[in-house]
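*Asks:* Submitted below is the structure of interest, expressed as structure tokens.
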Amino acid sequence: MKQDEQWKVGSVVKALQILNCFSARRTEISLAQISQELDIPKSTAYNLVKTLVSEQFLRRAENSSNYLPGIRLFTQGYCARNSIPVISYAIPILEDVTRTTGEITYLSTVLGDNLLVLEGTYPEKRTPTYTTGGKTLPLNTCSAGKMILSTLPDSVIERFSRRGLAASTPNTIITHDALMREMESIRAMGYAIDNEEETMGIRCASVAIYGGSGRAVGTISISGTVRSITDDVVKMALPVMEKAAHFLARMEYAFPALYPDDFECQGS
């Protein structure tokens, strides 16, 4: 533990790290995996897990000895959503973008090295398999994440790149040089495109919601199929997306944007 973090309660940190082992693609985990990944004895992992189960933050899987996220996380997620006022404020604005474009519209922000989707609005042709609030994506894999990165200095993007670039599809940008070329293109255009980089068959376009520092506190995105999000549709959608982003920038203080410590920087 770092010298300036000695105030942290170790058992609480470990319990939270257990919860952070779960993701959208990993909804079950075993006690052995928890012990190995957190580098703690099985007995310690068992006691922590048993405590989390008793408080309904974890639950046992029905058909195995694995553990699943507990129902208490579901209810706390609702509380967390209600604590972010910009979501309710933004919904009518997102709906306007959806009505104009006929596509799904997302409001997102940054959470560490990831994009965090706050909310989405859907046309009548809603894609039922696509989820919204609470979903996280590596910044380099989607148009909104790349848009956020493009508002940061190159030195900060390099630090992000050095940590390793996740790959979601064969189209994902996974090298530093390619990422920097993409940053130049986004800055020149003023918007970002996801060409099947997060999900095959899905294309997205994003604009930044700028904070007073000049870097993005969030993004407005439209998402659809590669057939529906054509270049012409993007050009048609940009004015309404930019208007929405400009309006939401008035509430920059309400965005829960959380950059990593080494993303703290001056200027651009």
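By convention in this document, the chains of the structure tokens carry letters A, B, ... by their order, each chain's residues are numbered from 1, and ligands are numbered from 1 in the order they are shown.
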Can you tell me which residues surround Tyr191 in chain A at a distance of at most 6 Å, considering only C-alpha atoms, apart from same-chain residues fewer than 2 positions away, and format the answer as number ranges by chain?

*Replies:* A: 186, 189, 206-207

*Asks:* Using only all heavy atoms, please write the residues we just selected to a file, as a PDB file, in the first residue's frame.

*Replies:*
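Result written to again36.pdb:
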ATOM      1  N   ILE A 186      -9.678  12.503 -35.600  1.00  0.00           N
ATOM      2  CA  ILE A 186     -10.827  12.935 -34.798  1.00  0.00           C
ATOM      3  C   ILE A 186     -10.752  14.428 -34.514  1.00  0.00           C
ATOM      4  O   ILE A 186     -11.751  15.154 -34.623  1.00  0.00           O
ATOM      5  CB  ILE A 186     -10.900  12.133 -33.490  1.00  0.00           C
ATOM      6  CG1 ILE A 186     -11.244  10.670 -33.776  1.00  0.00           C
ATOM      7  CG2 ILE A 186     -11.919  12.744 -32.525  1.00  0.00           C
ATOM      8  CD1 ILE A 186     -11.107   9.747 -32.585  1.00  0.00           C
ATOM      9  N   MET A 189     -11.757  16.301 -37.637  1.00  0.00           N
ATOM     10  CA  MET A 189     -13.172  16.199 -37.991  1.00  0.00           C
ATOM     11  C   MET A 189     -14.077  16.823 -36.938  1.00  0.00           C
ATOM     12  O   MET A 189     -15.153  17.340 -37.244  1.00  0.00           O
ATOM     13  CB  MET A 189     -13.565  14.729 -38.177  1.00  0.00           C
ATOM     14  CG  MET A 189     -12.886  14.021 -39.327  1.00  0.00           C
ATOM     15  SD  MET A 189     -13.582  12.359 -39.636  1.00  0.00           S
ATOM     16  CE  MET A 189     -13.324  11.559 -38.044  1.00  0.00           C
ATOM     17  N   SER A 206     -19.716   9.828 -32.396  1.00  0.00           N
ATOM     18  CA  SER A 206     -19.745  10.520 -31.102  1.00  0.00           C
ATOM     19  C   SER A 206     -19.177  11.923 -31.200  1.00  0.00           C
ATOM     20  O   SER A 206     -18.250  12.175 -31.976  1.00  0.00           O
ATOM     21  CB  SER A 206     -18.930   9.740 -30.056  1.00  0.00           C
ATOM     22  OG  SER A 206     -19.438   8.444 -29.860  1.00  0.00           O
ATOM     23  N   VAL A 207     -19.738  12.813 -30.371  1.00  0.00           N
ATOM     24  CA  VAL A 207     -19.184  14.154 -30.187  1.00  0.00           C
ATOM     25  C   VAL A 207     -18.949  14.356 -28.699  1.00  0.00           C
ATOM     26  O   VAL A 207     -19.557  13.696 -27.848  1.00  0.00           O
ATOM     27  CB  VAL A 207     -20.124  15.255 -30.733  1.00  0.00           C
ATOM     28  CG1 VAL A 207     -20.325  15.095 -32.224  1.00  0.00           C
ATOM     29  CG2 VAL A 207     -21.469  15.250 -30.000  1.00  0.00           C
TER      30      VAL A 207
END

*Asks:* Please build the interface table for range 111-148 of chain A against range 251-262 of chain A with a cut-off of 8 Å, listing for each qualifying residue the nearest atom pair and the distance in Å to one decimal; count only C-alpha atoms, order rows by chain and increasing number, and write it as CSV.

*Replies:*
residue,atom,partner,partner_atom,distance
A:Leu111,CA,A:Leu258,CA,4.9
A:Gly112,CA,A:Pro260,CA,4.9
A:Asp113,CA,A:Pro260,CA,7.0

*Asks:* Restricting it to N, CA and C atoms, dump the selection as a PDB file, in the first residue's frame.

*Replies:*
ATOM      1  N   LEU A 111     -14.634   6.666 -16.912  1.00  0.00           N
ATOM      2  CA  LEU A 111     -14.407   6.029 -15.618  1.00  0.00           C
ATOM      3  C   LEU A 111     -13.067   5.303 -15.683  1.00  0.00           C
ATOM      4  N   GLY A 112     -12.017   5.990 -15.225  1.00  0.00           N
ATOM      5  CA  GLY A 112     -10.687   5.406 -15.325  1.00  0.00           C
ATOM      6  C   GLY A 112     -10.274   5.249 -16.778  1.00  0.00           C
ATOM      7  N   ASP A 113      -9.819   4.054 -17.142  1.00  0.00           N
ATOM      8  CA  ASP A 113      -9.415   3.777 -18.522  1.00  0.00           C
ATOM      9  C   ASP A 113     -10.590   3.356 -19.389  1.00  0.00           C
TER      10      ASP A 113
END

*Asks:* Which one of A:Leu115, A:Met147, A:Val13, A:Val110 sits closest to Ser185 in chain A if you count only C-alpha atoms?

*Replies:*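 Of A:Leu115, A:Met147, A:Val13, A:Val110, the one nearest Ser185 in chain A is A:Met147, counting only C-alpha atoms.
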
*Asks:* Using only C-alpha atoms, what table do you get, as JSON lines, when you list each residue of range 189-248 of chain A with an atom no more than 6 Å from range 132-146 of chain A, its nearest pair of atoms, and their distance in Å rounded to one decimal, rows by chain then rising number?

*Replies:*
{"residue": "A:Ala192", "atom": "CA", "partner": "A:Ser143", "partner_atom": "CA", "distance": 5.1}
{"residue": "A:Ile193", "atom": "CA", "partner": "A:Ser143", "partner_atom": "CA", "distance": 4.9}
{"residue": "A:Asp194", "atom": "CA", "partner": "A:Ser143", "partner_atom": "CA", "distance": 4.6}
{"residue": "A:Glu197", "atom": "CA", "partner": "A:Thr141", "partner_atom": "CA", "distance": 5.6}
{"residue": "A:Glu198", "atom": "CA", "partner": "A:Thr141", "partner_atom": "CA", "distance": 5.2}
{"residue": "A:Ala205", "atom": "CA", "partner": "A:Ser143", "partner_atom": "CA", "distance": 5.9}
{"residue": "A:Ser206", "atom": "CA", "partner": "A:Ala144", "partner_atom": "CA", "distance": 5.2}
{"residue": "A:Thr219", "atom": "CA", "partner": "A:Ala144", "partner_atom": "CA", "distance": 5.9}

*Asks:* Tell me, in Å to one decimal, how far CA of Gly120 in chain A is from CA of Leu107 in chain A.

*Replies:*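 Atom-to-atom, CA of Gly120 in chain A and CA of Leu107 in chain A are spaced 6.2 Å apart.
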
*Asks:* Within range 141-171 of chain A, find each residue whose DSSP state, derived from the backbone, is helix (DSSP H, G or I), and express the selection as a PyMOL selection string.

*Replies:* chain A and resi 141+143-150+154-162

*Asks:* Please, could you write that set of residues out with C-alpha atoms as a PDB file, in the first residue's frame?

*Replies:*
ATOM      1  CA  THR A 141     -12.639   0.343 -28.556  1.00  0.00           C
ATOM      2  CA  SER A 143     -16.206   6.131 -30.802  1.00  0.00           C
ATOM      3  CA  ALA A 144     -17.149   7.769 -27.483  1.00  0.00           C
ATOM      4  CA  GLY A 145     -13.976   6.567 -25.788  1.00  0.00           C
ATOM      5  CA  LYS A 146     -11.802   7.714 -28.673  1.00  0.00           C
ATOM      6  CA  MET A 147     -13.586  11.069 -28.645  1.00  0.00           C
ATOM      7  CA  ILE A 148     -12.724  11.505 -24.957  1.00  0.00           C
ATOM      8  CA  LEU A 149      -9.099  10.506 -25.546  1.00  0.00           C
ATOM      9  CA  SER A 150      -8.773  13.005 -28.398  1.00  0.00           C
ATOM     10  CA  ASP A 154      -0.676  13.387 -26.574  1.00  0.00           C
ATOM     11  CA  SER A 155       1.524  12.684 -23.533  1.00  0.00           C
ATOM     12  CA  VAL A 156      -1.529  11.499 -21.586  1.00  0.00           C
ATOM     13  CA  ILE A 157      -2.745   9.344 -24.483  1.00  0.00           C
ATOM     14  CA  GLU A 158       0.713   7.768 -24.610  1.00  0.00           C
ATOM     15  CA  ARG A 159       0.484   6.821 -20.921  1.00  0.00           C
ATOM     16  CA  PHE A 160      -2.925   5.281 -21.595  1.00  0.00           C
ATOM     17  CA  SER A 161      -1.561   3.393 -24.601  1.00  0.00           C
ATOM     18  CA  ARG A 162       1.402   2.028 -22.643  1.00  0.00           C
TER      19      ARG A 162
END

*Asks:* Of the candidates A:Asn20, A:Thr98, A:Arg181, A:Val217, which one gets nearest to Leu116 in chain A if we count only C-alpha atoms?

*Replies:*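 Between A:Asn20, A:Thr98, A:Arg181, A:Val217, the residue approaching Leu116 in chain A most closely is A:Val217.
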
*Asks:* Identify, on the basis of only C-alpha atoms, every residue whose closest approach to Ile174 in chain A does not exceed 8 Å; exclude the query and any residue fewer than 5 positions from it along the same chain; express the result as a ChimeraX atom specification.

*Replies:* /A:140,164-167,179

*Asks:* Please produce a file of the residues just selected, as a PDB file, in the first residue's frame, where the atoms kept are N, CA, C and O atoms.

*Replies:*
ATOM      1  N   ASN A 140     -10.351   2.821 -26.039  1.00  0.00           N
ATOM      2  CA  ASN A 140      -9.869   2.709 -27.422  1.00  0.00           C
ATOM      3  C   ASN A 140     -10.780   1.902 -28.326  1.00  0.00           C
ATOM      4  O   ASN A 140     -10.563   1.842 -29.539  1.00  0.00           O
ATOM      5  N   GLY A 164      -1.576  -0.816 -22.372  1.00  0.00           N
ATOM      6  CA  GLY A 164      -2.085  -1.903 -23.212  1.00  0.00           C
ATOM      7  C   GLY A 164      -3.453  -1.569 -23.756  1.00  0.00           C
ATOM      8  O   GLY A 164      -4.329  -1.108 -23.011  1.00  0.00           O
ATOM      9  N   LEU A 165      -3.653  -1.790 -25.049  1.00  0.00           N
ATOM     10  CA  LEU A 165      -4.913  -1.463 -25.701  1.00  0.00           C
ATOM     11  C   LEU A 165      -5.734  -2.728 -25.911  1.00  0.00           C
ATOM     12  O   LEU A 165      -5.277  -3.679 -26.549  1.00  0.00           O
ATOM     13  N   ALA A 166      -6.930  -2.722 -25.337  1.00  0.00           N
ATOM     14  CA  ALA A 166      -7.807  -3.893 -25.420  1.00  0.00           C
ATOM     15  C   ALA A 166      -8.322  -4.071 -26.843  1.00  0.00           C
ATOM     16  O   ALA A 166      -8.487  -3.101 -27.588  1.00  0.00           O
ATOM     17  N   ALA A 167      -8.574  -5.305 -27.217  1.00  0.00           N
ATOM     18  CA  ALA A 167      -9.126  -5.615 -28.536  1.00  0.00           C
ATOM     19  C   ALA A 167     -10.490  -6.272 -28.365  1.00  0.00           C
ATOM     20  O   ALA A 167     -10.618  -7.276 -27.665  1.00  0.00           O
ATOM     21  N   LEU A 179      -3.402   4.490 -32.959  1.00  0.00           N
ATOM     22  CA  LEU A 179      -4.251   5.303 -32.081  1.00  0.00           C
ATOM     23  C   LEU A 179      -3.958   6.788 -32.264  1.00  0.00           C
ATOM     24  O   LEU A 179      -4.880   7.610 -32.327  1.00  0.00           O
TER      25      LEU A 179
END

*Asks:* Which of these, A:Glu55, A:Val117, A:Gly201, A:Lys14, has the shortest distance to Ser35 in chain A once you count only C-alpha atoms?

*Replies:*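 Looking only at the distances to Ser35 in chain A, the closest residue turns out to be A:Lys14.
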
*Asks:* Nearest to Arg203 in chain A among A:Glu242, A:Glu103, A:Glu124, A:Asp39, with distances taken over only C-alpha atoms: which residue is it?

*Replies:*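 So, comparing all the options, the nearest one is A:Glu103.
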
*Asks:* What is the CA of Glu5 in chain A to CA of Phe263 in chain A distance in Å?

*Replies:*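 Calculated distance between CA of Glu5 in chain A and CA of Phe263 in chain A is 19.0 Å.
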
*Asks:* Have a look at A:Thr230, A:Ser213, A:Arg250, A:Val240 and name the one nearest to Glu95 in chain A; count only C-alpha atoms.

*Replies:*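 Closest candidate: A:Val240.
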